[in-house]
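> Supplied structure: structure.tsv, TSV, C-alpha atoms.
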chain	number	residue	atom	x	y	z
A	52	MET	CA	0.00	0.00	0.00
A	53	GLU	CA	2.89	2.25	0.80
A	54	HIS	CA	4.02	1.86	-2.79
A	55	THR	CA	0.78	2.98	-4.38
A	56	ALA	CA	0.61	6.06	-2.18
A	57	GLU	CA	4.21	6.85	-3.04
A	58	HIS	CA	3.52	6.60	-6.73
A	59	GLN	CA	0.48	8.79	-6.75
A	60	GLU	CA	2.88	11.61	-5.95
A	61	HIS	CA	4.84	11.54	-9.15
A	62	SER	CA	2.56	9.79	-11.61
A	63	GLY	CA	2.13	12.94	-13.69
A	64	GLY	CA	-0.88	14.28	-15.49
A	65	GLY	CA	-2.63	11.00	-16.29
A	66	THR	CA	-4.65	10.17	-19.39
A	67	LYS	CA	-4.84	13.75	-20.59
A	68	GLU	CA	-1.07	13.97	-20.73
A	69	ILE	CA	-0.84	10.64	-22.58
A	70	VAL	CA	-3.25	11.85	-25.25
A	71	LYS	CA	-1.36	15.13	-25.61
A	72	VAL	CA	2.02	13.40	-26.00
A	73	THR	CA	0.58	10.90	-28.47
A	74	ILE	CA	-0.65	13.75	-30.64
A	75	ILE	CA	2.71	15.54	-30.42
A	76	LEU	CA	4.61	12.37	-31.39
A	77	THR	CA	2.26	11.72	-34.31
A	78	VAL	CA	2.59	15.28	-35.61
A	79	LEU	CA	6.40	15.21	-35.29
A	80	THR	CA	6.54	11.91	-37.18
A	81	ILE	CA	4.31	13.24	-39.93
A	82	VAL	CA	6.48	16.37	-40.29
A	83	GLU	CA	9.57	14.13	-40.48
A	84	LEU	CA	7.94	12.07	-43.21
A	85	ILE	CA	6.93	15.18	-45.15
A	86	LEU	CA	10.54	16.40	-45.01
A	87	GLY	CA	11.69	12.92	-46.06
A	88	PHE	CA	9.37	12.92	-49.08
A	89	TRP	CA	10.37	16.45	-49.95
A	90	MET	CA	14.05	15.50	-49.88
A	91	ILE	CA	13.51	12.94	-52.65
A	92	SER	CA	12.93	15.81	-55.07
A	93	ILE	CA	15.95	17.88	-53.96
A	94	PRO	CA	18.84	17.23	-56.36
A	95	LEU	CA	22.11	15.84	-54.99
A	96	GLU	CA	24.02	18.89	-56.19
A	97	ARG	CA	22.35	21.07	-53.58
A	98	ALA	CA	24.35	19.29	-50.91
A	99	SER	CA	24.26	21.96	-48.22
A	100	PHE	CA	20.51	22.41	-48.60
A	101	ARG	CA	20.01	18.66	-48.24
A	102	LEU	CA	22.21	18.76	-45.16
A	103	ALA	CA	20.02	21.50	-43.67
A	104	VAL	CA	16.89	19.39	-44.20
A	105	LYS	CA	18.65	16.41	-42.63
A	106	GLY	CA	19.61	18.59	-39.67
A	107	THR	CA	15.98	19.61	-39.23
A	108	ILE	CA	14.95	15.94	-39.24
A	109	VAL	CA	17.57	15.21	-36.55
A	110	ILE	CA	16.23	18.03	-34.38
A	111	LEU	CA	12.68	16.64	-34.75
A	112	MET	CA	14.07	13.21	-33.85
A	113	LEU	CA	15.58	14.60	-30.64
A	114	ALA	CA	12.27	16.28	-29.80
A	115	LYS	CA	10.51	12.93	-30.20
A	116	ALA	CA	13.11	11.26	-27.99
A	117	PHE	CA	12.54	13.92	-25.35
A	118	TYR	CA	8.78	13.41	-25.31
A	119	ILE	CA	9.10	9.62	-25.08
A	120	VAL	CA	11.64	9.72	-22.24
A	121	ALA	CA	10.11	12.61	-20.30
A	122	TYR	CA	6.44	11.64	-20.46
A	123	PHE	CA	6.04	8.00	-21.53
A	124	MET	CA	8.94	6.90	-19.34
A	125	HIS	CA	7.94	9.44	-16.65
A	126	LEU	CA	11.48	10.69	-16.22
A	127	LYS	CA	10.25	14.27	-15.97
A	128	HIS	CA	8.28	13.40	-12.84
A	129	GLU	CA	11.17	11.76	-11.01
A	130	ILE	CA	13.43	13.41	-8.46
A	131	LYS	CA	16.04	15.70	-10.00
A	132	ASN	CA	19.03	13.83	-8.57
A	133	MET	CA	17.86	10.64	-10.20
A	134	ILE	CA	17.32	12.35	-13.54
A	135	MET	CA	20.88	13.66	-13.33
A	136	THR	CA	22.39	10.21	-12.71
A	137	ILE	CA	20.82	9.08	-15.98
A	138	VAL	CA	21.09	12.13	-18.20
A	139	VAL	CA	24.57	13.40	-17.26
A	140	PRO	CA	26.43	10.23	-18.39
A	141	LEU	CA	24.59	10.46	-21.71
A	142	ALA	CA	26.26	13.84	-22.27
A	143	LEU	CA	29.29	11.78	-23.34
A	144	PHE	CA	27.44	11.34	-26.61
A	145	VAL	CA	28.07	14.99	-27.47
A	146	TRP	CA	31.82	14.38	-27.53
A	147	PHE	CA	31.30	10.95	-29.04
A	148	ILE	CA	29.32	12.18	-32.03
A	149	ILE	CA	31.45	15.23	-32.79
A	150	ALA	CA	34.77	13.38	-32.48
A	151	PHE	CA	33.84	10.31	-34.50
A	152	LEU	CA	31.96	12.02	-37.30
A	153	TYR	CA	34.75	14.58	-37.64
A	154	ASP	CA	37.25	11.76	-37.78
A	155	GLY	CA	35.29	9.95	-40.49
A	156	ASN	CA	35.00	13.11	-42.54
A	157	SER	CA	38.71	13.86	-42.21
A	158	PHE	CA	39.55	10.31	-43.30
A	159	ARG	CA	37.45	10.77	-46.43
A	160	HIS	CA	39.23	14.03	-47.27
A	161	LEU	CA	42.65	12.48	-46.74
A	162	ARG	CA	41.83	9.50	-48.93
A	163	ASN	CA	40.43	11.69	-51.69
A	164	THR	CA	43.54	13.89	-51.54
A	165	TYR	CA	46.29	11.31	-51.24
A	166	ASP	CA	44.77	8.14	-52.75
A	167	PRO	CA	43.99	8.91	-56.42
A	168	HIS	CA	43.05	5.27	-57.02
A	169	TYR	CA	40.32	5.41	-54.37
A	170	LYS	CA	39.08	8.72	-55.71
A	171	GLU	CA	38.92	7.34	-59.25
A	172	GLN	CA	37.15	4.14	-58.19
A	173	SER	CA	34.44	6.06	-56.43
A	174	THR	CA	33.57	8.11	-59.51
A	175	ILE	CA	33.05	5.23	-61.97
A	176	LYS	CA	29.37	4.88	-62.70
A	177	ILE	CA	27.84	1.46	-63.13
A	178	GLU	CA	25.02	0.57	-65.54
A	179	LYS	CA	21.97	-0.45	-63.61
A	180	LYS	CA	20.64	-3.34	-65.76
A	181	GLU	CA	23.89	-5.26	-65.98
A	182	HIS	CA	24.52	-4.71	-62.32
A	183	SER	CA	21.25	-6.10	-61.02
A	184	SER	CA	21.62	-9.40	-62.92
A	185	GLU	CA	25.17	-9.71	-61.68
A	186	THR	CA	24.21	-9.15	-58.09
A	187	LYS	CA	21.43	-11.73	-58.22
A	188	GLN	CA	24.13	-14.37	-58.53
A	189	GLU	CA	26.23	-12.70	-55.91
A	190	GLY	CA	23.41	-12.75	-53.40
A	191	ALA	CA	22.84	-16.47	-53.93
A	192	LYS	CA	26.32	-17.57	-52.94
A	193	PRO	CA	28.04	-16.38	-49.79
A	194	ASN	CA	30.16	-13.39	-50.57
A	195	ASP	CA	33.24	-12.94	-48.48
A	196	ALA	CA	34.77	-10.08	-50.43
A	197	LYS	CA	35.67	-7.14	-48.23
A	198	ASP	CA	34.12	-3.88	-49.28
A	199	GLY	CA	37.20	-2.32	-50.86
A	200	LYS	CA	37.99	-5.34	-52.96
A	201	GLN	CA	34.42	-5.76	-54.01
A	202	GLU	CA	34.26	-2.18	-55.16
A	203	GLU	CA	37.31	-2.76	-57.32
A	204	LYS	CA	35.93	-5.97	-58.73
A	205	LYS	CA	32.63	-4.42	-59.69
A	206	ALA	CA	34.22	-1.33	-61.10
A	207	THR	CA	36.50	-3.25	-63.44
A	208	HIS	CA	33.56	-5.08	-65.03
B	183	MET	CA	19.43	15.02	13.28
B	184	ALA	CA	16.64	12.50	13.15
B	185	THR	CA	13.99	15.18	12.92
B	186	THR	CA	15.66	17.07	10.08
B	187	ALA	CA	16.26	13.85	8.10
B	188	THR	CA	12.58	13.01	8.00
B	189	ALA	CA	11.37	16.50	7.23
B	190	PRO	CA	10.12	16.66	3.61
B	191	GLY	CA	12.49	18.15	1.07
B	192	THR	CA	15.52	18.37	3.34
B	193	LYS	CA	18.51	16.02	3.78
B	194	LEU	CA	17.52	13.43	1.20
B	195	TRP	CA	20.58	11.38	2.04
B	196	GLY	CA	20.18	11.69	5.82
B	197	GLY	CA	18.69	8.21	6.05
B	198	GLY	CA	15.22	6.88	6.78
B	199	LYS	CA	14.04	7.95	3.35
B	200	SER	CA	14.32	6.76	-0.26
B	201	PRO	CA	16.56	9.41	-1.87
B	202	PHE	CA	15.37	8.82	-5.42
B	203	ASN	CA	11.82	7.93	-4.38
B	204	VAL	CA	11.76	4.94	-6.74
B	205	GLU	CA	11.80	1.26	-6.12
B	206	TYR	CA	15.15	-0.54	-6.46
B	207	GLY	CA	14.14	-2.60	-9.48
B	208	LYS	CA	12.92	0.44	-11.38
B	209	LEU	CA	16.13	2.35	-10.73
B	210	MET	CA	18.18	-0.61	-11.93
B	211	MET	CA	16.00	-0.84	-15.05
B	212	TRP	CA	16.88	2.79	-15.75
B	213	TYR	CA	20.59	2.10	-15.40
B	214	PHE	CA	20.30	-0.96	-17.62
B	215	LEU	CA	18.55	1.14	-20.25
B	216	MET	CA	21.27	3.78	-19.98
B	217	SER	CA	23.90	1.13	-20.70
B	218	ASP	CA	21.78	-0.17	-23.56
B	219	ALA	CA	21.58	3.37	-24.91
B	220	PHE	CA	25.37	3.40	-25.04
B	221	THR	CA	25.35	0.14	-27.00
B	222	PHE	CA	22.94	1.47	-29.60
B	223	GLY	CA	24.70	4.83	-29.58
B	224	ALA	CA	28.02	3.16	-30.34
B	225	PHE	CA	26.42	1.23	-33.20
B	226	LEU	CA	24.83	4.30	-34.73
B	227	ILE	CA	27.90	6.49	-34.31
B	228	SER	CA	30.04	3.80	-35.92
B	229	TYR	CA	27.56	3.76	-38.81
B	230	GLY	CA	27.75	7.55	-39.03
B	231	THR	CA	31.55	7.52	-39.01
B	232	ILE	CA	31.71	5.04	-41.87
B	233	ARG	CA	29.13	7.02	-43.79
B	234	PHE	CA	31.10	10.22	-43.33
B	235	SER	CA	34.31	8.51	-44.47
B	236	THR	CA	32.76	7.14	-47.69
B	237	ASN	CA	32.31	9.10	-50.90
B	238	GLY	CA	28.97	7.62	-51.95
B	239	TRP	CA	26.06	5.99	-50.15
B	240	PRO	CA	22.89	4.25	-51.42
B	241	ASP	CA	19.69	6.29	-51.54
B	242	PRO	CA	17.32	4.87	-48.88
B	243	ASN	CA	14.36	5.90	-51.04
B	244	GLU	CA	15.61	3.54	-53.75
B	245	VAL	CA	16.43	0.68	-51.40
B	246	PHE	CA	13.34	0.71	-49.16
B	247	ARG	CA	10.65	1.35	-51.71
B	248	SER	CA	8.44	-1.73	-51.66
B	249	PHE	CA	5.65	-3.00	-49.45
B	250	PRO	CA	3.81	-6.33	-49.12
B	251	PHE	CA	1.53	-7.47	-51.97
B	252	ALA	CA	2.86	-4.67	-54.16
B	253	PRO	CA	3.67	-5.33	-57.82
B	254	GLU	CA	7.31	-5.97	-58.73
B	255	GLY	CA	8.74	-2.59	-59.79
B	256	VAL	CA	6.70	-0.44	-57.41
B	257	HIS	CA	8.26	2.79	-56.23
B	258	ALA	CA	6.82	3.75	-52.86
B	259	PRO	CA	9.59	5.09	-50.66
B	260	LEU	CA	8.95	5.59	-46.92
B	261	VAL	CA	5.45	4.10	-47.07
B	262	PHE	CA	6.11	0.75	-45.41
B	263	VAL	CA	8.54	2.08	-42.83
B	264	SER	CA	6.13	4.83	-41.77
B	265	ILE	CA	3.53	2.13	-41.11
B	266	MET	CA	6.10	0.32	-38.95
B	267	THR	CA	6.88	3.54	-37.10
B	268	PHE	CA	3.23	4.22	-36.32
B	269	ILE	CA	2.70	0.64	-35.16
B	270	LEU	CA	5.50	1.10	-32.63
B	271	ILE	CA	4.26	4.51	-31.47
B	272	ILE	CA	0.72	3.16	-30.96
B	273	SER	CA	2.02	0.13	-29.05
B	274	SER	CA	4.00	2.53	-26.86
B	275	VAL	CA	0.80	4.44	-26.14
B	276	THR	CA	-1.08	1.28	-25.18
B	277	MET	CA	1.83	0.34	-22.91
B	278	VAL	CA	1.70	3.68	-21.14
B	279	LEU	CA	-2.07	3.17	-20.74
B	280	ALA	CA	-1.37	-0.26	-19.20
B	281	VAL	CA	1.05	1.33	-16.72
B	282	HIS	CA	-1.54	3.99	-15.96
B	283	ALA	CA	-4.22	1.34	-15.36
B	284	GLY	CA	-1.75	-0.43	-13.08
B	285	HIS	CA	-1.43	2.71	-10.96
B	286	ASN	CA	-5.18	2.69	-10.47
B	287	MET	CA	-5.16	-1.06	-9.63
B	288	ASP	CA	-7.40	-1.61	-12.66
B	289	LYS	CA	-6.68	-5.22	-13.63
B	290	LYS	CA	-9.04	-5.22	-16.63
B	291	GLY	CA	-7.37	-2.14	-18.10
B	292	VAL	CA	-3.91	-3.63	-17.63
B	293	VAL	CA	-4.90	-6.87	-19.36
B	294	LYS	CA	-6.58	-5.08	-22.29
B	295	ASN	CA	-3.72	-2.70	-22.94
B	296	LEU	CA	-1.03	-5.35	-22.48
B	297	ILE	CA	-2.74	-7.52	-25.10
B	298	LEU	CA	-2.86	-4.55	-27.49
B	299	THR	CA	0.84	-3.85	-26.84
B	300	ILE	CA	1.76	-7.47	-27.54
B	301	ILE	CA	-0.24	-7.38	-30.80
B	302	GLY	CA	1.57	-4.17	-31.78
B	303	GLY	CA	4.94	-5.73	-31.04
B	304	LEU	CA	4.14	-8.83	-33.07
B	305	ALA	CA	2.87	-6.68	-35.95
B	306	PHE	CA	6.13	-4.72	-35.95
B	307	LEU	CA	8.18	-7.92	-35.92
B	308	SER	CA	6.14	-9.30	-38.83
B	309	CYS	CA	6.78	-6.13	-40.82
B	310	GLN	CA	10.48	-6.40	-40.15
B	311	ALA	CA	10.53	-10.08	-41.09
B	312	TRP	CA	8.84	-9.22	-44.37
B	313	GLU	CA	11.29	-6.42	-45.09
B	314	TRP	CA	14.35	-8.55	-44.34
B	315	THR	CA	13.00	-11.35	-46.56
B	316	HIS	CA	12.30	-8.91	-49.35
B	317	LEU	CA	15.79	-7.36	-49.17
B	318	HIS	CA	17.36	-10.81	-48.98
B	319	HIS	CA	15.54	-11.80	-52.18
B	320	GLU	CA	16.97	-8.71	-53.84
B	321	GLY	CA	20.44	-9.99	-52.97
B	322	ALA	CA	21.13	-7.93	-49.88
B	323	TRP	CA	22.63	-9.60	-46.83
B	324	TRP	CA	25.64	-9.28	-44.54
B	325	GLY	CA	28.54	-9.01	-46.98
B	326	ALA	CA	26.40	-8.59	-50.08
B	327	ASN	CA	25.11	-5.25	-51.35
B	328	PRO	CA	23.19	-5.21	-54.64
B	329	PHE	CA	22.37	-1.49	-54.43
B	330	LEU	CA	24.18	1.36	-56.15
B	331	ASN	CA	25.18	4.62	-54.60
B	332	HIS	CA	23.02	7.68	-54.96
B	333	ASP	CA	25.22	8.95	-57.82
B	334	GLY	CA	25.26	5.61	-59.68
B	335	THR	CA	28.69	4.47	-58.50
B	336	ALA	CA	29.41	1.12	-56.86
B	337	SER	CA	28.48	0.88	-53.19
B	338	SER	CA	30.29	-0.92	-50.41
B	339	THR	CA	28.88	-3.71	-48.25
B	340	ASN	CA	29.08	-1.39	-45.24
B	341	PHE	CA	25.56	-0.26	-46.05
B	342	THR	CA	23.93	-3.69	-45.76
B	343	ASN	CA	26.20	-4.79	-42.89
B	344	TYR	CA	25.15	-1.85	-40.77
B	345	PHE	CA	21.52	-2.06	-41.78
B	346	PHE	CA	21.10	-5.72	-40.89
B	347	THR	CA	23.20	-5.52	-37.72
B	348	ILE	CA	21.45	-2.50	-36.24
B	349	THR	CA	17.87	-3.29	-37.28
B	350	GLY	CA	18.54	-6.89	-36.24
B	351	PHE	CA	19.74	-5.80	-32.81
B	352	HIS	CA	16.70	-3.57	-32.46
B	353	GLY	CA	14.38	-6.32	-33.69
B	354	PHE	CA	15.83	-8.64	-31.07
B	355	HIS	CA	15.02	-6.04	-28.43
B	356	VAL	CA	11.45	-5.86	-29.71
B	357	PHE	CA	11.26	-9.64	-29.58
B	358	SER	CA	12.46	-9.81	-25.96
B	359	GLY	CA	10.09	-6.94	-25.12
B	360	VAL	CA	7.17	-8.98	-26.47
B	361	ILE	CA	8.27	-11.97	-24.37
B	362	ILE	CA	8.50	-9.76	-21.25
B	363	ASN	CA	5.03	-8.36	-21.98
B	364	ILE	CA	3.61	-11.87	-22.37
B	365	VAL	CA	5.11	-12.82	-18.99
B	366	MET	CA	3.55	-9.66	-17.50
B	367	LEU	CA	0.19	-10.60	-19.02
B	368	ILE	CA	0.33	-14.10	-17.51
B	369	MET	CA	1.31	-12.66	-14.12
B	370	THR	CA	-1.57	-10.19	-14.28
B	371	LEU	CA	-4.08	-12.87	-15.28
B	372	THR	CA	-2.96	-15.11	-12.41
B	373	ASP	CA	-3.54	-12.21	-9.97
B	374	GLN	CA	0.08	-12.05	-8.82
B	375	PHE	CA	0.12	-8.25	-8.80
B	376	GLU	CA	-3.23	-8.07	-7.03
B	377	LYS	CA	-1.73	-10.21	-4.26
B	378	ARG	CA	1.34	-7.95	-4.07
B	379	GLY	CA	-0.88	-4.90	-3.85
B	380	HIS	CA	0.87	-3.03	-6.66
B	381	TYR	CA	1.61	-3.21	-10.39
B	382	LEU	CA	5.19	-1.92	-10.27
B	383	MET	CA	6.42	-4.77	-12.48
B	384	ILE	CA	4.27	-3.43	-15.33
B	385	GLU	CA	6.09	-0.12	-14.95
B	386	LYS	CA	9.50	-1.77	-15.39
B	387	ALA	CA	8.31	-3.72	-18.42
B	388	GLY	CA	6.85	-0.44	-19.69
B	389	LEU	CA	10.20	1.33	-19.35
B	390	TYR	CA	11.84	-1.37	-21.43
B	391	TRP	CA	9.13	-1.21	-24.07
B	392	HIS	CA	9.36	2.58	-24.37
B	393	PHE	CA	13.11	2.28	-24.74
B	394	VAL	CA	12.58	-0.05	-27.70
B	395	ASP	CA	10.32	2.59	-29.25
B	396	LEU	CA	12.92	5.25	-28.48
B	397	VAL	CA	15.67	3.33	-30.25
B	398	TRP	CA	13.43	2.92	-33.27
B	399	VAL	CA	13.05	6.71	-33.46
B	400	PHE	CA	16.83	6.90	-33.95
B	401	VAL	CA	17.16	3.87	-36.24
B	402	PHE	CA	14.27	5.06	-38.41
B	403	THR	CA	15.83	8.49	-38.82
B	404	CYS	CA	19.38	7.30	-39.43
B	405	PHE	CA	18.59	4.57	-41.96
B	406	TYR	CA	15.40	5.58	-43.73
B	407	LEU	CA	15.15	9.36	-43.61
B	408	ILE	CA	18.66	10.82	-43.85
Can the structure in the file be given as structure tokens, please?

Amino acid sequence: MEHTAEHQEHSGGGTKEIVKVTIILTVLTIVELILGFWMISIPLERASFRLAVKGTIVILMLAKAFYIVAYFMHLKHEIKNMIMTIVVPLALFVWFIIAFLYDGNSFRHLRNTYDPHYKEQSTIKIEKKEHSSETKQEGAKPNDAKDGKQEEKKATH
Amino acid sequence: MATTATAPGTKLWGGGKSPFNVEYGKLMMWYFLMSDAFTFGAFLISYGTIRFSTNGWPDPNEVFRSFPFAPEGVHAPLVFVSIMTFILIISSVTMVLAVHAGHNMDKKGVVKNLILTIIGGLAFLSCQAWEWTHLHHEGAWWGANPFLNHDGTASSTNFTNYFFTITGFHGFHVFSGVIINIVMLIMTLTDQFEKRGHYLMIEKAGLYWHFVDLVWVFVFTCFYLI
């Protein structure tokens, strides 16, 4: 009995809140999908514009994550110290994401600058028809080629 | 000392009081989920790093463009995966309703909403099974990538490796979540929580289920949208 009384204290706004959060999540998802559909029609050449749309989608994603954790998982209604023990360690992700994505990007630049072979391989276009029949066979047998080698193999066809 | 420790709002750690005001099992579930978040975070950041270090990448709208019972060459990007996303959101809502019913000691409400959550989970798993089968028939698997990059150049197997590993890991979480919910349903039906006087177990299962939905929010965005 002690437990139920204890939980009444921080159980939040009840059904009304659930309905509200459901609507917010649905709207955010629909907006994400609209942006996703819109991006199909944006040409690849407008790279920075595409990146901006992708950034918007990521922000909407974080908003969705916040609503799920804060309201569905009730974290908002817990004691502040407890919230901190969970949220503060997750701040590591900020460093994690910046460091690793920057590293990946720098690796790509270095390869494109100092490895002309790699740069050349990644600009050879492949005809779609021929490719799909070729890959049907590839999918049937186990393929142990590592990605770099496979790229070479396909490109030389 | 004793009087100040029991006064509300002061000296949380003075003893005689639960500093976080949650049950032990629930707190541990939170810490488990935090560690699980690091696992998924590491997966997704690794995927992002590889994507940033590669010149080309397949267009998700070309890869994920089919849905069940559709004719062969259909081009319907984002349709099937948005259905999957809504299934998971709705099952999360029914779970939160089950937790809410548990607070009010409403056994009927718990049973009804748990059943709906289990159905939602199974529906999501079926969708994923169909999608994996479909992609496998197209020649995609770990180590095999039949898709071209966005710009028509050859693509690496990193794309399929990451897709199957991360959605597979998430799908396995959904599967174990469904099993946990079925156990909760059986425990509710056999009146175990009524005897205990509280439905706190439903809350812990609920936390896990919401986490599964949360991870899907990230997987869905990283693989299908951007």
> Quick check: residues of chain B within 6 Å of chain A, all atoms listed in the file, returned as a PyMOL selection string.
chain B and resi 202+231+234-235+321+325+328+334-335+338-339+389+407-408
> Write a file of the just-selected residues containing C-alpha atoms, as a PDB file, in the coordinates of the input.

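Contents of selection_2.pdb, freshly written:
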ATOM      1  CA  PHE B 202      15.370   8.820  -5.420  1.00  0.00           C
ATOM      2  CA  THR B 231      31.550   7.520 -39.010  1.00  0.00           C
ATOM      3  CA  PHE B 234      31.100  10.220 -43.330  1.00  0.00           C
ATOM      4  CA  SER B 235      34.310   8.510 -44.470  1.00  0.00           C
ATOM      5  CA  GLY B 321      20.440  -9.990 -52.970  1.00  0.00           C
ATOM      6  CA  GLY B 325      28.540  -9.010 -46.980  1.00  0.00           C
ATOM      7  CA  PRO B 328      23.190  -5.210 -54.640  1.00  0.00           C
ATOM      8  CA  GLY B 334      25.260   5.610 -59.680  1.00  0.00           C
ATOM      9  CA  THR B 335      28.690   4.470 -58.500  1.00  0.00           C
ATOM     10  CA  SER B 338      30.290  -0.920 -50.410  1.00  0.00           C
ATOM     11  CA  THR B 339      28.880  -3.710 -48.250  1.00  0.00           C
ATOM     12  CA  LEU B 389      10.200   1.330 -19.350  1.00  0.00           C
ATOM     13  CA  LEU B 407      15.150   9.360 -43.610  1.00  0.00           C
ATOM     14  CA  ILE B 408      18.660  10.820 -43.850  1.00  0.00           C
TER      15      ILE B 408
END
> Enter the distance from CA of Asn237 in chain B to CA of Thr349 in chain B, in Å, rounded to one decimal.
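Computed distance, CA of Asn237 in chain B to CA of Thr349 in chain B, equals 23.4 Å.
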> Would you mind telling me which residue in B:Asn327, B:Asn286, B:Ser200, B:Thr315 lies nearest to Tyr344 in chain B when using all atoms listed in the file?
B:Asn327
> Rounded to one decimal, what separation in Å do you get between CA of Lys294 in chain B and CA of Leu371 in chain B?
10.8 Å
> In Å, with one decimal, what is the gap from CA of Trp312 in chain B to CA of Phe249 in chain B?
8.6 Å
> Once 3 Å is added on each side, what are the centre and the three edge lengths, in Å to one decimal, of the axis-aligned box enclosing the listed atoms of range 79-85 of chain A? Present them as lines of an AutoDock Vina configuration file.

center_x = 6.9
center_y = 14.1
center_z = -40.2
size_x = 11.3
size_y = 10.5
size_z = 15.9
> Show me the residues around (14.0, -10.2, -33.8) - criterion: an atom at most 12 Å away, only C-alpha atoms counted - as a ChimeraX atom specification.
/B:303-312,314,346-361,394
> Output the selection as a PDB file, keeping the file's coordinate frame - C-alpha atoms for each residue.

ATOM      1  CA  GLY B 303       4.940  -5.730 -31.040  1.00  0.00           C
ATOM      2  CA  LEU B 304       4.140  -8.830 -33.070  1.00  0.00           C
ATOM      3  CA  ALA B 305       2.870  -6.680 -35.950  1.00  0.00           C
ATOM      4  CA  PHE B 306       6.130  -4.720 -35.950  1.00  0.00           C
ATOM      5  CA  LEU B 307       8.180  -7.920 -35.920  1.00  0.00           C
ATOM      6  CA  SER B 308       6.140  -9.300 -38.830  1.00  0.00           C
ATOM      7  CA  CYS B 309       6.780  -6.130 -40.820  1.00  0.00           C
ATOM      8  CA  GLN B 310      10.480  -6.400 -40.150  1.00  0.00           C
ATOM      9  CA  ALA B 311      10.530 -10.080 -41.090  1.00  0.00           C
ATOM     10  CA  TRP B 312       8.840  -9.220 -44.370  1.00  0.00           C
ATOM     11  CA  TRP B 314      14.350  -8.550 -44.340  1.00  0.00           C
ATOM     12  CA  PHE B 346      21.100  -5.720 -40.890  1.00  0.00           C
ATOM     13  CA  THR B 347      23.200  -5.520 -37.720  1.00  0.00           C
ATOM     14  CA  ILE B 348      21.450  -2.500 -36.240  1.00  0.00           C
ATOM     15  CA  THR B 349      17.870  -3.290 -37.280  1.00  0.00           C
ATOM     16  CA  GLY B 350      18.540  -6.890 -36.240  1.00  0.00           C
ATOM     17  CA  PHE B 351      19.740  -5.800 -32.810  1.00  0.00           C
ATOM     18  CA  HIS B 352      16.700  -3.570 -32.460  1.00  0.00           C
ATOM     19  CA  GLY B 353      14.380  -6.320 -33.690  1.00  0.00           C
ATOM     20  CA  PHE B 354      15.830  -8.640 -31.070  1.00  0.00           C
ATOM     21  CA  HIS B 355      15.020  -6.040 -28.430  1.00  0.00           C
ATOM     22  CA  VAL B 356      11.450  -5.860 -29.710  1.00  0.00           C
ATOM     23  CA  PHE B 357      11.260  -9.640 -29.580  1.00  0.00           C
ATOM     24  CA  SER B 358      12.460  -9.810 -25.960  1.00  0.00           C
ATOM     25  CA  GLY B 359      10.090  -6.940 -25.120  1.00  0.00           C
ATOM     26  CA  VAL B 360       7.170  -8.980 -26.470  1.00  0.00           C
ATOM     27  CA  ILE B 361       8.270 -11.970 -24.370  1.00  0.00           C
ATOM     28  CA  VAL B 394      12.580  -0.050 -27.700  1.00  0.00           C
TER      29      VAL B 394
END
> Here is a test: counting all atoms listed in the file, which residue of B:Asn295, B:Lys290, B:Thr236, B:Val365 is nearest to Val278 in chain B?
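Selected residue with least distance to Val278 in chain B: B:Asn295.
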> Excluding same-chain residues fewer than 4 positions from Ile271 in chain B, what lies within 10 Å of it counting all atoms listed in the file, as a list in words?
Thr73, Leu76, Thr77, Thr80 and Ile119 of chain A; Ile265, Met266, Thr267, Val275, Thr276, Met277, Gly302, His392, Asp395, Leu396, Trp398 and Val399 of chain B
> I'd like to know which of B:Ile384, B:Leu279, B:Leu330, B:Leu317 is closest to Lys67 in chain A, using all atoms listed in the file.
B:Leu279
